[in-house]
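As provided, model10.pdb (PDB, C-alpha atoms and all ligand atoms) reads as follows.
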ATOM      1  CA  MET J   9      48.183  -6.303 -10.328
ATOM      2  CA  ARG J  10      48.002  -7.591 -13.892
ATOM      3  CA  TYR J  11      44.843  -8.807 -15.575
ATOM      4  CA  GLU J  12      43.912  -9.838 -19.086
ATOM      5  CA  GLY J  13      40.705  -8.227 -20.422
ATOM      6  CA  SER J  14      37.672  -7.141 -18.400
ATOM      7  CA  ILE J  15      37.354  -8.686 -14.952
ATOM      8  CA  TYR J  16      34.032  -9.524 -13.262
ATOM      9  CA  ARG J  17      33.296 -10.562  -9.702
ATOM     10  CA  PRO J  18      30.169 -10.937  -7.553
ATOM     11  CA  PRO J  19      29.218  -7.796  -5.561
ATOM     12  CA  SER J  20      29.940  -9.658  -2.309
ATOM     13  CA  GLU J  21      33.588 -10.124  -3.369
ATOM     14  CA  ALA J  22      34.258  -6.373  -3.468
ATOM     15  CA  ASP J  23      36.933  -6.684  -0.766
ATOM     16  CA  SER J  24      38.577  -9.837  -2.111
ATOM     17  CA  TYR J  25      41.876  -9.993  -3.940
ATOM     18  CA  LEU J  26      41.039 -11.059  -7.513
ATOM     19  CA  LEU J  27      43.412 -13.701  -8.830
ATOM     20  CA  GLN J  28      42.967 -14.509 -12.510
ATOM     21  CA  VAL J  29      43.438 -18.251 -12.974
ATOM     22  CA  THR J  30      41.636 -18.543 -16.312
ATOM     23  CA  VAL J  31      41.101 -16.105 -19.115
ATOM     24  CA  GLY J  32      37.430 -16.097 -20.115
ATOM     25  CA  CYS J  33      34.730 -18.697 -19.580
ATOM     26  CA  SER J  34      35.066 -22.376 -20.508
ATOM     27  CA  HIS J  35      31.460 -22.403 -21.783
ATOM     28  CA  ASN J  36      31.050 -18.914 -23.247
ATOM     29  CA  GLN J  37      27.844 -19.786 -25.131
ATOM     30  CA  CYS J  38      24.973 -18.411 -23.059
ATOM     31  CA  THR J  39      22.823 -16.336 -25.393
ATOM     32  CA  PHE J  40      22.411 -13.395 -22.997
ATOM     33  CA  CYS J  41      26.001 -13.090 -21.791
ATOM     34  CA  ALA J  42      28.554 -10.701 -23.258
ATOM     35  CA  MET J  43      31.061 -10.839 -20.403
ATOM     36  CA  TYR J  44      33.812 -12.891 -21.998
ATOM     37  CA  LYS J  45      32.967 -12.747 -25.686
ATOM     38  CA  ASP J  46      36.207 -10.872 -26.373
ATOM     39  CA  LYS J  47      38.375 -13.592 -24.813
ATOM     40  CA  SER J  48      39.441 -17.045 -25.970
ATOM     41  CA  TYR J  49      39.301 -19.372 -23.020
ATOM     42  CA  ARG J  50      42.539 -20.655 -21.560
ATOM     43  CA  ILE J  51      43.911 -21.663 -18.199
ATOM     44  CA  ARG J  52      46.775 -19.423 -17.169
ATOM     45  CA  ASP J  53      50.199 -20.870 -16.673
ATOM     46  CA  LEU J  54      50.896 -21.923 -13.076
ATOM     47  CA  GLU J  55      54.145 -19.935 -12.990
ATOM     48  CA  GLU J  56      52.265 -16.782 -14.012
ATOM     49  CA  ILE J  57      49.661 -17.417 -11.315
ATOM     50  CA  LYS J  58      52.353 -17.982  -8.688
ATOM     51  CA  ALA J  59      54.075 -14.758  -9.751
ATOM     52  CA  ASP J  60      50.747 -12.902  -9.370
ATOM     53  CA  ILE J  61      50.325 -14.284  -5.857
ATOM     54  CA  GLN J  62      53.804 -13.029  -4.923
ATOM     55  CA  MET J  63      52.982  -9.632  -6.449
ATOM     56  CA  ALA J  64      49.794  -9.441  -4.355
ATOM     57  CA  LYS J  65      51.741 -10.414  -1.243
ATOM     58  CA  ALA J  66      54.342  -7.707  -1.891
ATOM     59  CA  CYS J  67      51.622  -5.148  -2.565
ATOM     60  CA  TYR J  68      48.983  -5.976   0.092
ATOM     61  CA  GLY J  69      50.809  -8.107   2.665
ATOM     62  CA  ASP J  70      48.672 -10.759   4.327
ATOM     63  CA  LEU J  71      45.172 -11.270   2.844
ATOM     64  CA  THR J  72      41.994 -12.915   4.113
ATOM     65  CA  ASP J  73      39.800 -13.262   1.000
ATOM     66  CA  VAL J  74      40.611 -14.300  -2.555
ATOM     67  CA  PHE J  75      38.274 -14.648  -5.541
ATOM     68  CA  LEU J  76      39.483 -16.754  -8.462
ATOM     69  CA  CYS J  77      38.615 -15.213 -11.850
ATOM     70  CA  ASP J  78      37.414 -15.475 -14.634
ATOM     71  CA  GLY J  79      34.006 -16.886 -15.469
ATOM     72  CA  ASP J  80      34.302 -20.509 -14.404
ATOM     73  CA  ALA J  81      37.439 -21.200 -12.349
ATOM     74  CA  ILE J  82      36.064 -24.539 -11.154
ATOM     75  CA  ALA J  83      36.791 -25.755 -14.710
ATOM     76  CA  VAL J  84      40.530 -25.740 -13.957
ATOM     77  CA  ASP J  85      41.970 -29.258 -13.548
ATOM     78  CA  THR J  86      41.664 -30.348  -9.933
ATOM     79  CA  PRO J  87      45.424 -30.923  -9.288
ATOM     80  CA  LEU J  88      46.194 -27.432 -10.580
ATOM     81  CA  LEU J  89      43.415 -25.847  -8.491
ATOM     82  CA  LEU J  90      44.747 -27.685  -5.434
ATOM     83  CA  GLU J  91      48.219 -26.331  -6.132
ATOM     84  CA  ILE J  92      46.873 -22.771  -6.510
ATOM     85  CA  ALA J  93      44.957 -23.102  -3.222
ATOM     86  CA  ALA J  94      48.100 -24.429  -1.474
ATOM     87  CA  GLU J  95      50.149 -21.536  -2.848
ATOM     88  CA  LEU J  96      47.576 -19.033  -1.597
ATOM     89  CA  ASN J  97      47.476 -20.623   1.856
ATOM     90  CA  LYS J  98      51.273 -20.534   2.029
ATOM     91  CA  ALA J  99      51.488 -16.885   0.925
ATOM     92  CA  PHE J 100      48.684 -15.572   3.149
ATOM     93  CA  PRO J 101      48.654 -17.050   6.690
ATOM     94  CA  SER J 102      45.404 -15.208   7.527
ATOM     95  CA  LEU J 103      43.553 -16.500   4.464
ATOM     96  CA  SER J 104      40.020 -17.459   5.451
ATOM     97  CA  SER J 105      38.171 -17.723   2.132
ATOM     98  CA  ILE J 106      38.862 -18.685  -1.479
ATOM     99  CA  SER J 107      35.848 -18.395  -3.766
ATOM    100  CA  CYS J 108      35.054 -18.660  -7.472
ATOM    101  CA  TYR J 109      32.324 -19.003 -10.083
ATOM    102  CA  ALA J 110      31.329 -22.595 -10.845
ATOM    103  CA  GLY J 111      29.768 -23.452 -14.201
ATOM    104  CA  PRO J 112      27.280 -26.340 -14.024
ATOM    105  CA  ARG J 113      28.969 -28.473 -16.691
ATOM    106  CA  SER J 114      32.444 -27.970 -15.217
ATOM    107  CA  THR J 115      31.078 -28.861 -11.783
ATOM    108  CA  LEU J 116      29.574 -32.077 -13.136
ATOM    109  CA  ASN J 117      32.914 -32.908 -14.763
ATOM    110  CA  LYS J 118      34.397 -33.240 -11.273
ATOM    111  CA  SER J 119      33.710 -36.192  -8.991
ATOM    112  CA  LEU J 120      32.360 -35.626  -5.483
ATOM    113  CA  GLU J 121      35.789 -36.663  -4.159
ATOM    114  CA  GLU J 122      37.453 -33.953  -6.254
ATOM    115  CA  LEU J 123      34.965 -31.342  -5.042
ATOM    116  CA  ARG J 124      35.534 -32.425  -1.439
ATOM    117  CA  ALA J 125      39.313 -32.163  -1.915
ATOM    118  CA  LEU J 126      38.920 -28.608  -3.243
ATOM    119  CA  ARG J 127      36.738 -27.718  -0.282
ATOM    120  CA  ALA J 128      39.315 -29.178   2.111
ATOM    121  CA  ALA J 129      42.029 -27.127   0.361
ATOM    122  CA  GLY J 130      40.227 -23.920   1.357
ATOM    123  CA  ILE J 131      37.930 -23.119  -1.568
ATOM    124  CA  ASP J 132      34.852 -22.540   0.525
ATOM    125  CA  LYS J 133      32.338 -20.469  -1.440
ATOM    126  CA  VAL J 134      31.137 -20.907  -5.013
ATOM    127  CA  TYR J 135      28.757 -18.927  -7.193
ATOM    128  CA  LEU J 136      26.570 -20.911  -9.568
ATOM    129  CA  GLY J 137      24.804 -19.067 -12.397
ATOM    130  CA  MET J 138      21.625 -21.140 -12.418
ATOM    131  CA  GLU J 139      19.703 -18.450 -14.336
ATOM    132  CA  THR J 140      16.506 -20.537 -14.377
ATOM    133  CA  GLY J 141      15.120 -23.859 -13.217
ATOM    134  CA  ASP J 142      13.044 -24.167 -16.386
ATOM    135  CA  ASP J 143      14.342 -26.922 -18.646
ATOM    136  CA  ARG J 144      13.102 -25.415 -21.930
ATOM    137  CA  LEU J 145      14.545 -22.051 -21.054
ATOM    138  CA  LEU J 146      17.933 -23.543 -20.105
ATOM    139  CA  GLN J 147      18.080 -25.113 -23.568
ATOM    140  CA  ALA J 148      16.953 -21.877 -25.252
ATOM    141  CA  ILE J 149      19.679 -19.804 -23.585
ATOM    142  CA  ARG J 150      22.304 -22.502 -24.324
ATOM    143  CA  LYS J 151      23.387 -22.921 -20.731
ATOM    144  CA  GLY J 152      24.881 -26.265 -21.677
ATOM    145  CA  VAL J 153      22.940 -28.386 -19.170
ATOM    146  CA  THR J 154      19.404 -29.653 -18.635
ATOM    147  CA  ALA J 155      17.405 -28.695 -15.546
ATOM    148  CA  ALA J 156      18.162 -32.101 -14.002
ATOM    149  CA  GLU J 157      21.889 -31.559 -14.586
ATOM    150  CA  MET J 158      21.781 -28.029 -13.182
ATOM    151  CA  LEU J 159      20.112 -29.340 -10.034
ATOM    152  CA  GLN J 160      22.663 -32.142  -9.748
ATOM    153  CA  ALA J 161      25.565 -29.682 -10.100
ATOM    154  CA  GLY J 162      24.171 -27.517  -7.299
ATOM    155  CA  GLN J 163      23.430 -30.498  -5.072
ATOM    156  CA  ASN J 164      26.968 -31.847  -5.578
ATOM    157  CA  LEU J 165      28.428 -28.508  -4.502
ATOM    158  CA  VAL J 166      26.253 -28.455  -1.386
ATOM    159  CA  GLU J 167      27.070 -32.089  -0.599
ATOM    160  CA  ALA J 168      30.799 -31.410  -0.966
ATOM    161  CA  GLY J 169      30.453 -28.724   1.729
ATOM    162  CA  PHE J 170      30.707 -25.512  -0.294
ATOM    163  CA  LYS J 171      28.763 -22.445   0.747
ATOM    164  CA  LEU J 172      26.670 -22.067  -2.388
ATOM    165  CA  SER J 173      25.378 -18.811  -3.845
ATOM    166  CA  VAL J 174      23.009 -19.104  -6.804
ATOM    167  CA  THR J 175      21.776 -16.507  -9.273
ATOM    168  CA  VAL J 176      18.460 -16.390 -11.117
ATOM    169  CA  LEU J 177      17.997 -14.012 -14.028
ATOM    170  CA  LEU J 178      14.669 -12.153 -14.020
ATOM    171  CA  GLY J 179      13.246 -11.363 -17.455
ATOM    172  CA  LEU J 180      15.009 -14.242 -19.171
ATOM    173  CA  ALA J 181      11.779 -15.861 -20.407
ATOM    174  CA  GLY J 182      10.609 -12.635 -22.058
ATOM    175  CA  LYS J 183       7.057 -11.324 -21.872
ATOM    176  CA  GLY J 184       4.059 -13.599 -21.451
ATOM    177  CA  PRO J 185       3.134 -16.813 -19.611
ATOM    178  CA  ARG J 186       6.646 -18.299 -19.801
ATOM    179  CA  SER J 187       7.731 -15.652 -17.292
ATOM    180  CA  ARG J 188       5.626 -17.262 -14.560
ATOM    181  CA  GLU J 189       6.872 -20.745 -15.447
ATOM    182  CA  HIS J 190      10.460 -19.471 -15.276
ATOM    183  CA  ALA J 191       9.843 -18.095 -11.764
ATOM    184  CA  ILE J 192       8.025 -21.190 -10.468
ATOM    185  CA  HIS J 193      10.519 -23.698 -11.887
ATOM    186  CA  SER J 194      13.402 -21.622 -10.545
ATOM    187  CA  ALA J 195      11.861 -21.606  -7.060
ATOM    188  CA  GLU J 196      11.326 -25.371  -7.234
ATOM    189  CA  MET J 197      14.947 -25.940  -8.202
ATOM    190  CA  ILE J 198      16.202 -23.712  -5.383
ATOM    191  CA  ASN J 199      13.982 -25.578  -2.901
ATOM    192  CA  ALA J 200      15.584 -28.857  -3.980
ATOM    193  CA  MET J 201      19.145 -27.499  -4.242
ATOM    194  CA  ARG J 202      19.191 -25.628  -0.906
ATOM    195  CA  PRO J 203      21.910 -23.000  -1.495
ATOM    196  CA  ARG J 204      22.714 -20.505   1.282
ATOM    197  CA  TRP J 205      22.167 -17.457  -0.879
ATOM    198  CA  LEU J 206      19.888 -16.684  -3.794
ATOM    199  CA  ALA J 207      20.560 -13.549  -5.826
ATOM    200  CA  ALA J 208      18.033 -12.322  -8.382
ATOM    201  CA  LEU J 209      19.560 -10.286 -11.213
ATOM    202  CA  THR J 210      17.573  -8.600 -13.975
ATOM    203  CA  LEU J 211      18.285  -9.145 -17.638
ATOM    204  CA  SER J 212      19.589  -6.348 -19.830
ATOM    205  CA  LEU J 213      20.119  -6.982 -23.507
ATOM    206  CA  ALA J 214      23.824  -6.781 -24.284
ATOM    207  CA  PRO J 215      24.679  -5.729 -27.861
ATOM    208  CA  GLY J 216      26.450  -8.472 -29.783
ATOM    209  CA  THR J 217      24.745 -11.349 -27.979
ATOM    210  CA  PRO J 218      22.379 -13.834 -29.687
ATOM    211  CA  LEU J 219      19.542 -12.714 -27.392
ATOM    212  CA  TYR J 220      20.066  -9.100 -28.421
ATOM    213  CA  ARG J 221      19.713 -10.167 -32.069
ATOM    214  CA  GLU J 222      16.563 -12.157 -31.222
ATOM    215  CA  ALA J 223      15.084  -8.994 -29.715
ATOM    216  CA  GLN J 224      16.096  -6.908 -32.744
ATOM    217  CA  GLU J 225      14.377  -9.430 -35.010
ATOM    218  CA  GLY J 226      11.222  -9.414 -32.866
ATOM    219  CA  ARG J 227      11.667 -12.966 -31.583
ATOM    220  CA  PHE J 228      12.245 -11.901 -27.971
ATOM    221  CA  GLN J 229      10.494  -9.202 -25.970
ATOM    222  CA  LEU J 230      12.122  -7.846 -22.849
ATOM    223  CA  PRO J 231       9.616  -7.593 -19.960
ATOM    224  CA  ASP J 232       9.052  -4.117 -18.554
ATOM    225  CA  PRO J 233      10.361  -3.315 -15.022
ATOM    226  CA  PHE J 234       7.037  -4.081 -13.341
ATOM    227  CA  GLU J 235       6.785  -7.437 -15.117
ATOM    228  CA  THR J 236      10.218  -8.379 -13.759
ATOM    229  CA  LEU J 237       8.967  -7.448 -10.277
ATOM    230  CA  GLU J 238       5.940  -9.696 -10.765
ATOM    231  CA  GLU J 239       8.383 -12.448 -11.671
ATOM    232  CA  MET J 240      10.383 -11.777  -8.495
ATOM    233  CA  ARG J 241       7.180 -11.883  -6.421
ATOM    234  CA  THR J 242       6.192 -15.238  -7.961
ATOM    235  CA  LEU J 243       9.683 -16.572  -7.301
ATOM    236  CA  ILE J 244       9.578 -15.605  -3.608
ATOM    237  CA  GLU J 245       5.997 -16.890  -3.236
ATOM    238  CA  HIS J 246       7.131 -20.358  -4.350
ATOM    239  CA  LEU J 247      10.313 -20.559  -2.262
ATOM    240  CA  THR J 248       9.789 -22.994   0.606
ATOM    241  CA  ALA J 249      13.464 -23.412   1.597
ATOM    242  CA  ASP J 250      14.281 -22.095   5.065
ATOM    243  CA  HIS J 251      17.316 -20.034   6.150
ATOM    244  CA  LEU J 252      17.845 -18.888   2.572
ATOM    245  CA  ILE J 253      19.291 -15.398   2.182
ATOM    246  CA  PHE J 254      17.573 -13.641  -0.727
ATOM    247  CA  ARG J 255      18.739 -10.425  -2.310
ATOM    248  CA  SER J 256      18.105  -8.377  -5.436
ATOM    249  CA  ASN J 257      20.715  -5.716  -4.680
ATOM    250  CA  HIS J 258      22.699  -6.132  -7.904
ATOM    251  CA  VAL J 259      23.050  -3.013 -10.040
ATOM    252  CA  SER J 260      20.961  -4.693 -12.764
ATOM    253  CA  ASN J 261      17.867  -4.759 -10.542
ATOM    254  CA  TYR J 262      15.060  -2.207 -10.526
ATOM    255  CA  LEU J 263      14.226  -2.761  -6.858
ATOM    256  CA  THR J 264      16.436  -3.865  -3.973
ATOM    257  CA  VAL J 265      14.748  -6.539  -1.888
ATOM    258  CA  LYS J 266      16.679  -8.304   0.880
ATOM    259  CA  GLY J 267      15.792 -10.755   3.569
ATOM    260  CA  GLU J 268      15.956 -14.247   4.940
ATOM    261  CA  LEU J 269      13.419 -16.880   4.034
ATOM    262  CA  GLN J 270      11.101 -17.822   5.510
ATOM    263  CA  LYS J 271      11.479 -15.246   8.319
ATOM    264  CA  ASP J 272      11.191 -12.141   6.093
ATOM    265  CA  ARG J 273       8.996 -13.642   3.367
ATOM    266  CA  GLN J 274       5.895 -11.509   3.962
ATOM    267  CA  LYS J 275       7.899  -8.311   4.397
ATOM    268  CA  MET J 276       9.617  -8.843   1.041
ATOM    269  CA  LEU J 277       6.342  -9.734  -0.718
ATOM    270  CA  ASP J 278       4.618  -6.660   0.753
ATOM    271  CA  GLN J 279       7.458  -4.421  -0.448
ATOM    272  CA  ILE J 280       7.144  -5.718  -4.012
ATOM    273  CA  SER J 281       3.322  -5.631  -3.979
ATOM    274  CA  GLN J 282       3.295  -2.034  -2.840
ATOM    275  CA  VAL J 283       5.517  -0.962  -5.749
ATOM    276  CA  LEU J 284       3.392  -2.993  -8.169
ATOM    277  CA  GLU J 285       0.215  -1.432  -6.855
ATOM    278  CA  ASN J 286       1.445   2.147  -7.240
ATOM    279  CA  ARG J 287       3.269   1.557 -10.548
ATOM    280  CA  ASP J 288       5.587   4.378  -9.527
ATOM    281  CA  ARG J 289       8.702   4.459 -11.717
ATOM    282  CA  ASN J 290      10.337   6.753  -9.159
ATOM    283  CA  ALA J 291      10.456   3.832  -6.723
ATOM    284  CA  LEU J 292      12.687   1.944  -9.173
ATOM    285  CA  ARG J 293      16.342   2.255 -10.119
ATOM    286  CA  ARG J 294      16.619   4.512 -13.147
ATOM    287  CA  GLU J 295      17.376   2.763 -16.433
ATOM    288  CA  ASP J 296      20.561   4.780 -16.901
ATOM    289  CA  MET J 297      21.759   3.725 -13.444
ATOM    290  CA  ARG J 298      21.439   0.029 -14.207
ATOM    291  CA  GLY J 299      24.318  -2.110 -15.325
ATOM    292  CA  PHE J 300      25.351  -5.706 -15.539
TER     293      PHE J 300
HETATM  294  S1  LIG J 401      28.588 -19.699 -18.058
HETATM  295 FE1  LIG J 401      28.407 -17.656 -17.124
HETATM  296  S2  LIG J 401      30.183 -16.499 -17.864
HETATM  297 FE2  LIG J 401      29.993 -18.309 -19.156
HETATM  298  S3  LIG J 401      28.800 -17.623 -20.945
HETATM  299 FE3  LIG J 401      27.344 -18.465 -19.453
HETATM  300  S4  LIG J 401      26.680 -16.724 -18.192
HETATM  301 FE4  LIG J 401      28.546 -16.083 -19.317
END
Give the structure from this file in structure tokens form.
Ligand code: SF4
Amino acid sequence: MRYEGSIYRPPSEADSYLLQVTVGCSHNQCTFCAMYKDKSYRIRDLEEIKADIQMAKACYGDLTDVFLCDGDAIAVDTPLLLEIAAELNKAFPSLSSISCYAGPRSTLNKSLEELRALRAAGIDKVYLGMETGDDRLLQAIRKGVTAAEMLQAGQNLVEAGFKLSVTVLLGLAGKGPRSREHAIHSAEMINAMRPRWLAALTLSLAPGTPLYREAQEGRFQLPDPFETLEEMRTLIEHLTADHLIFRSNHVSNYLTVKGELQKDRQKMLDQISQVLENRDRNALRREDMRGF
């Protein structure tokens, strides 16, 4: 398979065929993100994409799951995305899932009818990097949308019928009282958005990013591991949505917590509280084993 630059996918797409439909991220401005800084954003040529699909077919035969890369495939013009989905369905008779990342601004640039058409074409699962539900923090990290717009983007995806997975980034507000506000506002947004999955990731400072420079200049302080766990506990405490699958099993996290809300709420809170009580670093993922 041929790819341009580094390729990222959610952990749950480990078994999916990765089809690169864009190079980079259409937004590429978030202050904490270094993933696509080495790429200039462009949509790949349809003929190249079709050739890749034929290569995958020759190499793997029939496929069931496809993830569209890179950082924000929903930004691709709707007619082109529909054509890509049709090509995938034609090439792989057993195809059951096409998924991709969905940036909030790109999602809002599509009408509900367009989103519904994409869903009907077989794109069934989307990953929205919400990061936080806190309006001030969304502006500070240059996510490109307000909190109201982020919520609207998520609600549109749910209304169009997508299975929605959302990520929140622990540690993003730095040390201090803003950490709690970040957790509470994020929980409130999730309660209103009602995704199926919520993944908590933990911030690492990536060299070359604006946030890394802020930290170097003393304008941002990364919370310690236990402070990020306190943030996760506050987040879970304020989640009222039911049948929400929560997980912090990403390699960036210090502690893996998994369960379904509200069923496993107390079990998850007890697990975090116990680690916080003992302050045992051995219970956490080692710093050198973390990644993003
Ligand atoms: S939208 Fe996602 S991929 Fe793009 S810069 Fe922000 S965090 Fe990175």
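You will find atom CA of J:Tyr25 at 11.6 Å from atom CA of J:Cys108.
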Query - For ligand LIG 401 (chain J), the nearest of the candidates J:Asp78, J:Glu21, J:Glu95, J:Glu56, counting only C-alpha atoms and all ligand atoms - result: J:Asp78
Report task. Could you state which residues are captured by the PyMOL selection byres (((chain J and resi 23) around 10) and not hetatm) in this file, as a PyMOL selection string? Result -> chain J and resi 19-22+24-26+72-75
Please, what is the axis-aligned box for every listed atom of ligand LIG 401 (chain J) with 8 Å on each side, as centre and edge lengths in Å to one decimal, as lines of an AutoDock Vina configuration file?
center_x = 28.4
center_y = -17.9
center_z = -19.0
size_x = 19.5
size_y = 19.6
size_z = 19.8
Requested in this report: Find the distance between atom CA of J:Arg202 and atom CA of J:Glu268 and write it in Å to one decimal.
Outcome: 13.2 Å
Requested in this report: Would you translate the PyMOL selection byres (((not hetatm)) within 7 of (chain J and resi 401)) into the concrete set of residues it matches in this file, as a VMD selection string?
Outcome: chain J and resid 33 to 38 41 to 44 79 to 80 111 137 151
Write the residues of the selection above to a file with C-alpha atoms, as a JSON list (two decimals), in the coordinates of the input.
[["chain", "number", "residue", "atom", "x", "y", "z"],
["J", 33, "CYS", "CA", 34.73, -18.70, -19.58],
["J", 34, "SER", "CA", 35.07, -22.38, -20.51],
["J", 35, "HIS", "CA", 31.46, -22.40, -21.78],
["J", 36, "ASN", "CA", 31.05, -18.91, -23.25],
["J", 37, "GLN", "CA", 27.84, -19.79, -25.13],
["J", 38, "CYS", "CA", 24.97, -18.41, -23.06],
["J", 41, "CYS", "CA", 26.00, -13.09, -21.79],
["J", 42, "ALA", "CA", 28.55, -10.70, -23.26],
["J", 43, "MET", "CA", 31.06, -10.84, -20.40],
["J", 44, "TYR", "CA", 33.81, -12.89, -22.00],
["J", 79, "GLY", "CA", 34.01, -16.89, -15.47],
["J", 80, "ASP", "CA", 34.30, -20.51, -14.40],
["J", 111, "GLY", "CA", 29.77, -23.45, -14.20],
["J", 137, "GLY", "CA", 24.80, -19.07, -12.40],
["J", 151, "LYS", "CA", 23.39, -22.92, -20.73]]
Query - Residues matched by the PyMOL selection byres (((chain J and resi 51-54) around 7) and not hetatm), written as a PyMOL selection string - result: chain J and resi 29-31+50+55-58+84
Report summary line: Using only C-alpha atoms, the shortest atom-to-atom distance to J:Leu96 among J:Asp60, J:Glu295, J:Asp46, J:Glu122 belongs to J:Asp60
Report task. Find, counting all atoms listed in the file, the residue in J:Ala110, J:Ala94, J:Leu178, J:Ala168 that gets nearest to J:Ile61. Result ->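 Of J:Ala110, J:Ala94, J:Leu178, J:Ala168, the one nearest J:Ile61, counting all atoms listed in the file, is J:Ala94.
Atom CA of J:Gly69 is positioned 10.0 Å from atom CA of J:Pro101.
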Query raised in the report: Which residue, J:Leu247, J:Ile149, J:Leu90, J:Ala99, has the smallest gap to J:Ala125 when you use all atoms listed in the file?
Result: J:Leu90
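With distances restricted to all atoms listed in the file, J:Ile244 is the closest residue to J:Lys275 from J:Ile244, J:Met297, J:Ala128, J:Ile198.
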